[in-house]
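See structure below.
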Amino acid sequence: MNAFLDWRHITFAHPYFFVLLLPILFMVWWQMLKKKDDNPALRLTTLQGIDPSRAGGKAQFRPVMFVLRIIALIALCIAIARPQSSNTTENIDTEGIDIVMSLDMSGSMLAEDFKPNRIEAAKEVALSFVDQRPTDRIGLVIFAGESFTMCPITIDHNVLKEQISQIRNGLITDGTSIGMGLATAVERLRYSKGKSKVIILMTDGVNNTGLIDPNTALQIAKAYKVRVYTVGIGTHGQAPIPVQTSMGIQKQMMQVDIDEPLLKQIAAETNGKYFRATGNRSLAEVYSEIDKLEKTKVDITSYKHYAELFFPFAMIAVFCLALEMLLRYTVFRSIT
């Protein structure tokens, strides 16, 4: 019964048979026209000889036979058009990519050349990026003066997005340790069995602290065949940044200083690519470009199953035709 109720999944193997409904509609129209013109008048001098019981009320039910015939013909048309219910199953085979986003959370990331600031802009595009990669395992590392794993690589993107939302400046010691940020991200991918291992490293400064220098971290990434996409975030020239003073928090213009040669070197030697983002829009475009470069292979095999539904309509046609014949040769036989 559910197959008949769900019309969205019903198709017809031979829909061209519905053209047979046109003669049926013509029959209905002709019968209605004939009924309007069929008003004979007969003048009688007396009613004697007419038996009222013979012209009883059953004559007015004679059109029932015509209705039964029309229903039978319509049901027959539907039956020979072969209604079918379809059910589709899919077999999905994916070759996922393991990705770690390593984000700079140093104090300079509070600069407001991005709206509302660099940290919030980075969080927004990171959340959008995660939504675009439903079949990939993704992790999150943050770094400043040291590095910290906010979320190991996982397919549970709801947990990951919750961790991204909780990122803020001040969670770890201030500074810029690009080497630590890269090394920790590589460590998260060290035992990965993914088809591809990728790091997205974003920073707005120059390495100035940390136990591991960037070149050592680069060699580690190369050893584990990790591809690194580096992103320099910050406008050209100066950017306003909130600074704590004796007068409270005030905005000061500070020079944007990104170690682009280092970021380009890391990207080039790991077969990645370097990007420069100078605003919210360009940052979104960077992540969109990375999304296109790192495509996950997804093979989807669809199987469609059909169930024939013509039998109930055929039975309706047979029933209506049999009932019409029964009425014609029994109940309405004496009506002339």
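Following the order of the structure tokens, chains are lettered A, B, ..., residues in each are numbered from 1, and ligands are numbered from 1.
Those residues that approach Met27 of chain A to within 12 Å, counting only C-alpha atoms, are Leu20, Leu21, Leu33, Lys34, Phe66, Val67, Arg69, Ile70, Leu73 and Ile74 of chain A; same-chain residues fewer than 6 positions away are not listed.
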What does the file look like for those residues with N, CA and C atoms, as a short mmCIF file (atom, residue, chain, number, x, y, z; two decimals), in the first residue's frame?
data_model
loop_
_atom_site.label_atom_id
_atom_site.label_comp_id
_atom_site.auth_asym_id
_atom_site.auth_seq_id
_atom_site.Cartn_x
_atom_site.Cartn_y
_atom_site.Cartn_z
N LEU A 20 -4.65 6.46 -24.86
CA LEU A 20 -5.94 5.77 -24.97
C LEU A 20 -7.00 6.39 -24.08
N LEU A 21 -6.57 7.27 -23.17
CA LEU A 21 -7.56 7.96 -22.33
C LEU A 21 -8.37 8.96 -23.13
N LEU A 33 -23.57 14.64 -23.81
CA LEU A 33 -24.24 15.39 -24.87
C LEU A 33 -25.53 14.69 -25.30
N LYS A 34 -25.44 13.37 -25.42
CA LYS A 34 -26.59 12.58 -25.83
C LYS A 34 -27.71 12.65 -24.80
N PHE A 66 -22.59 2.37 -17.21
CA PHE A 66 -21.67 3.18 -18.01
C PHE A 66 -20.48 3.64 -17.17
N VAL A 67 -20.75 4.03 -15.93
CA VAL A 67 -19.68 4.46 -15.03
C VAL A 67 -18.71 3.31 -14.77
N ARG A 69 -18.11 0.83 -16.76
CA ARG A 69 -17.33 0.59 -17.97
C ARG A 69 -16.19 1.60 -18.10
N ILE A 70 -16.47 2.88 -17.78
CA ILE A 70 -15.43 3.92 -17.87
C ILE A 70 -14.31 3.65 -16.86
N LEU A 73 -12.14 0.83 -18.16
CA LEU A 73 -11.27 1.23 -19.25
C LEU A 73 -10.08 2.07 -18.75
N ILE A 74 -10.36 2.99 -17.81
CA ILE A 74 -9.29 3.81 -17.25
C ILE A 74 -8.28 2.93 -16.50
#
>> I want to know what sits within 12 Å of Ala144 of chain A, based on only C-alpha atoms, with residues of the same chain fewer than 5 positions away left out; could you give that as a ChimeraX atom specification?
In response: /A:102-109,168-182,202-210
Go ahead and write the residues just picked, N, CA and C atoms, as a compact mmCIF listing (two decimals), in the first residue's frame.
# COMPACT_ATOMS: atom_id res chain seq x y z
N SER A 102 46.79 23.89 10.68
CA SER A 102 47.66 24.44 11.72
C SER A 102 47.54 25.96 11.67
N LEU A 103 46.91 26.54 12.70
CA LEU A 103 46.57 27.96 12.68
C LEU A 103 47.37 28.75 13.71
N ASP A 104 47.90 29.86 13.29
CA ASP A 104 48.64 30.78 14.15
C ASP A 104 47.66 31.52 15.05
N MET A 105 47.89 31.45 16.38
CA MET A 105 47.01 32.14 17.33
C MET A 105 47.79 33.19 18.14
N SER A 106 48.83 33.74 17.57
CA SER A 106 49.63 34.74 18.27
C SER A 106 48.84 36.04 18.41
N GLY A 107 49.36 36.94 19.23
CA GLY A 107 48.67 38.20 19.50
C GLY A 107 48.42 39.03 18.25
N SER A 108 49.33 38.95 17.28
CA SER A 108 49.16 39.74 16.06
C SER A 108 47.96 39.30 15.23
N MET A 109 47.42 38.10 15.52
CA MET A 109 46.26 37.61 14.80
C MET A 109 44.98 38.35 15.21
N ARG A 168 40.67 30.91 20.52
CA ARG A 168 40.79 32.33 20.87
C ARG A 168 42.24 32.63 21.24
N ASN A 169 42.59 33.86 21.15
CA ASN A 169 43.93 34.27 21.54
C ASN A 169 44.10 34.13 23.05
N GLY A 170 45.29 33.71 23.47
CA GLY A 170 45.57 33.59 24.90
C GLY A 170 45.50 32.16 25.41
N LEU A 171 45.12 31.19 24.56
CA LEU A 171 45.06 29.81 25.01
C LEU A 171 46.46 29.26 25.29
N ILE A 172 47.46 29.74 24.57
CA ILE A 172 48.84 29.30 24.75
C ILE A 172 49.76 30.51 24.78
N THR A 173 51.01 30.28 25.20
CA THR A 173 52.00 31.36 25.32
C THR A 173 52.16 32.11 24.01
N ASP A 174 52.25 33.44 24.12
CA ASP A 174 52.34 34.26 22.91
C ASP A 174 53.71 34.10 22.24
N GLY A 175 53.74 34.44 20.95
CA GLY A 175 54.93 34.30 20.14
C GLY A 175 54.54 33.71 18.80
N THR A 176 55.52 33.42 17.95
CA THR A 176 55.24 32.79 16.66
C THR A 176 56.25 31.69 16.43
N SER A 177 55.80 30.45 16.64
CA SER A 177 56.66 29.29 16.45
C SER A 177 56.16 28.48 15.26
N ILE A 178 56.54 28.90 14.06
CA ILE A 178 56.11 28.22 12.85
C ILE A 178 56.63 26.79 12.83
N GLY A 179 57.87 26.60 13.28
CA GLY A 179 58.46 25.26 13.31
C GLY A 179 57.66 24.32 14.19
N MET A 180 57.24 24.77 15.37
CA MET A 180 56.44 23.94 16.28
C MET A 180 55.07 23.65 15.68
N GLY A 181 54.46 24.66 15.06
CA GLY A 181 53.15 24.46 14.45
C GLY A 181 53.19 23.42 13.35
N LEU A 182 54.26 23.45 12.54
CA LEU A 182 54.40 22.49 11.45
C LEU A 182 54.75 21.10 11.98
N MET A 202 48.79 28.25 8.44
CA MET A 202 48.47 29.67 8.30
C MET A 202 49.19 30.48 9.38
N THR A 203 49.86 31.54 8.97
CA THR A 203 50.55 32.42 9.93
C THR A 203 50.58 33.84 9.41
N ASP A 204 50.76 34.78 10.32
CA ASP A 204 50.83 36.20 9.92
C ASP A 204 52.16 36.83 10.33
N GLY A 205 53.15 35.98 10.66
CA GLY A 205 54.39 36.58 11.17
C GLY A 205 55.64 35.84 10.78
N VAL A 206 56.66 36.03 11.62
CA VAL A 206 58.00 35.46 11.41
C VAL A 206 58.32 34.56 12.60
N ASN A 207 58.92 33.42 12.33
CA ASN A 207 59.29 32.51 13.42
C ASN A 207 60.26 33.21 14.38
N ASN A 208 59.90 33.28 15.68
CA ASN A 208 60.75 33.97 16.65
C ASN A 208 60.93 33.20 17.95
N THR A 209 60.42 31.97 18.01
CA THR A 209 60.56 31.17 19.22
C THR A 209 60.27 29.72 18.89
N GLY A 210 60.31 28.85 19.90
CA GLY A 210 59.98 27.45 19.69
C GLY A 210 61.17 26.53 19.80
Please tabulate, as JSON lines, the residues of segment 121-202 of chain A that come within 12 Å of segment 216-231 of chain A, each with its closest pair of atoms and the distance in Å to one decimal, counting only C-alpha atoms and ordering rows by chain, then residue number upward.
{"residue": "A:Ala122", "atom": "CA", "partner": "A:Val231", "partner_atom": "CA", "distance": 10.7}
{"residue": "A:Ser177", "atom": "CA", "partner": "A:Ala217", "partner_atom": "CA", "distance": 10.8}
{"residue": "A:Ile178", "atom": "CA", "partner": "A:Ala217", "partner_atom": "CA", "distance": 8.7}
{"residue": "A:Gly179", "atom": "CA", "partner": "A:Ala217", "partner_atom": "CA", "distance": 5.4}
{"residue": "A:Met180", "atom": "CA", "partner": "A:Ala217", "partner_atom": "CA", "distance": 7.4}
{"residue": "A:Gly181", "atom": "CA", "partner": "A:Ala217", "partner_atom": "CA", "distance": 8.7}
{"residue": "A:Leu182", "atom": "CA", "partner": "A:Ala217", "partner_atom": "CA", "distance": 6.0}
{"residue": "A:Ala183", "atom": "CA", "partner": "A:Ala217", "partner_atom": "CA", "distance": 4.9}
{"residue": "A:Thr184", "atom": "CA", "partner": "A:Ala217", "partner_atom": "CA", "distance": 8.8}
{"residue": "A:Ala185", "atom": "CA", "partner": "A:Ala221", "partner_atom": "CA", "distance": 9.0}
{"residue": "A:Val186", "atom": "CA", "partner": "A:Ala221", "partner_atom": "CA", "distance": 5.9}
{"residue": "A:Glu187", "atom": "CA", "partner": "A:Ala221", "partner_atom": "CA", "distance": 8.9}
{"residue": "A:Arg188", "atom": "CA", "partner": "A:Val226", "partner_atom": "CA", "distance": 10.9}
{"residue": "A:Leu189", "atom": "CA", "partner": "A:Val226", "partner_atom": "CA", "distance": 7.9}
{"residue": "A:Arg190", "atom": "CA", "partner": "A:Tyr224", "partner_atom": "CA", "distance": 6.6}
{"residue": "A:Tyr191", "atom": "CA", "partner": "A:Tyr224", "partner_atom": "CA", "distance": 9.1}
{"residue": "A:Ser192", "atom": "CA", "partner": "A:Tyr224", "partner_atom": "CA", "distance": 9.7}
{"residue": "A:Lys193", "atom": "CA", "partner": "A:Tyr224", "partner_atom": "CA", "distance": 11.3}
{"residue": "A:Gly194", "atom": "CA", "partner": "A:Val226", "partner_atom": "CA", "distance": 10.9}
{"residue": "A:Lys195", "atom": "CA", "partner": "A:Val226", "partner_atom": "CA", "distance": 11.0}
{"residue": "A:Ser196", "atom": "CA", "partner": "A:Val226", "partner_atom": "CA", "distance": 7.7}
{"residue": "A:Lys197", "atom": "CA", "partner": "A:Val226", "partner_atom": "CA", "distance": 5.1}
{"residue": "A:Val198", "atom": "CA", "partner": "A:Arg227", "partner_atom": "CA", "distance": 4.9}
{"residue": "A:Ile199", "atom": "CA", "partner": "A:Val228", "partner_atom": "CA", "distance": 4.7}
{"residue": "A:Ile200", "atom": "CA", "partner": "A:Tyr229", "partner_atom": "CA", "distance": 4.8}
{"residue": "A:Leu201", "atom": "CA", "partner": "A:Thr230", "partner_atom": "CA", "distance": 4.8}
{"residue": "A:Met202", "atom": "CA", "partner": "A:Val231", "partner_atom": "CA", "distance": 4.6}
> Do you have the atom CA of Gln265 of chain A-atom CA of Pro214 of chain A distance handy?
Replying inline: 10.2 Å
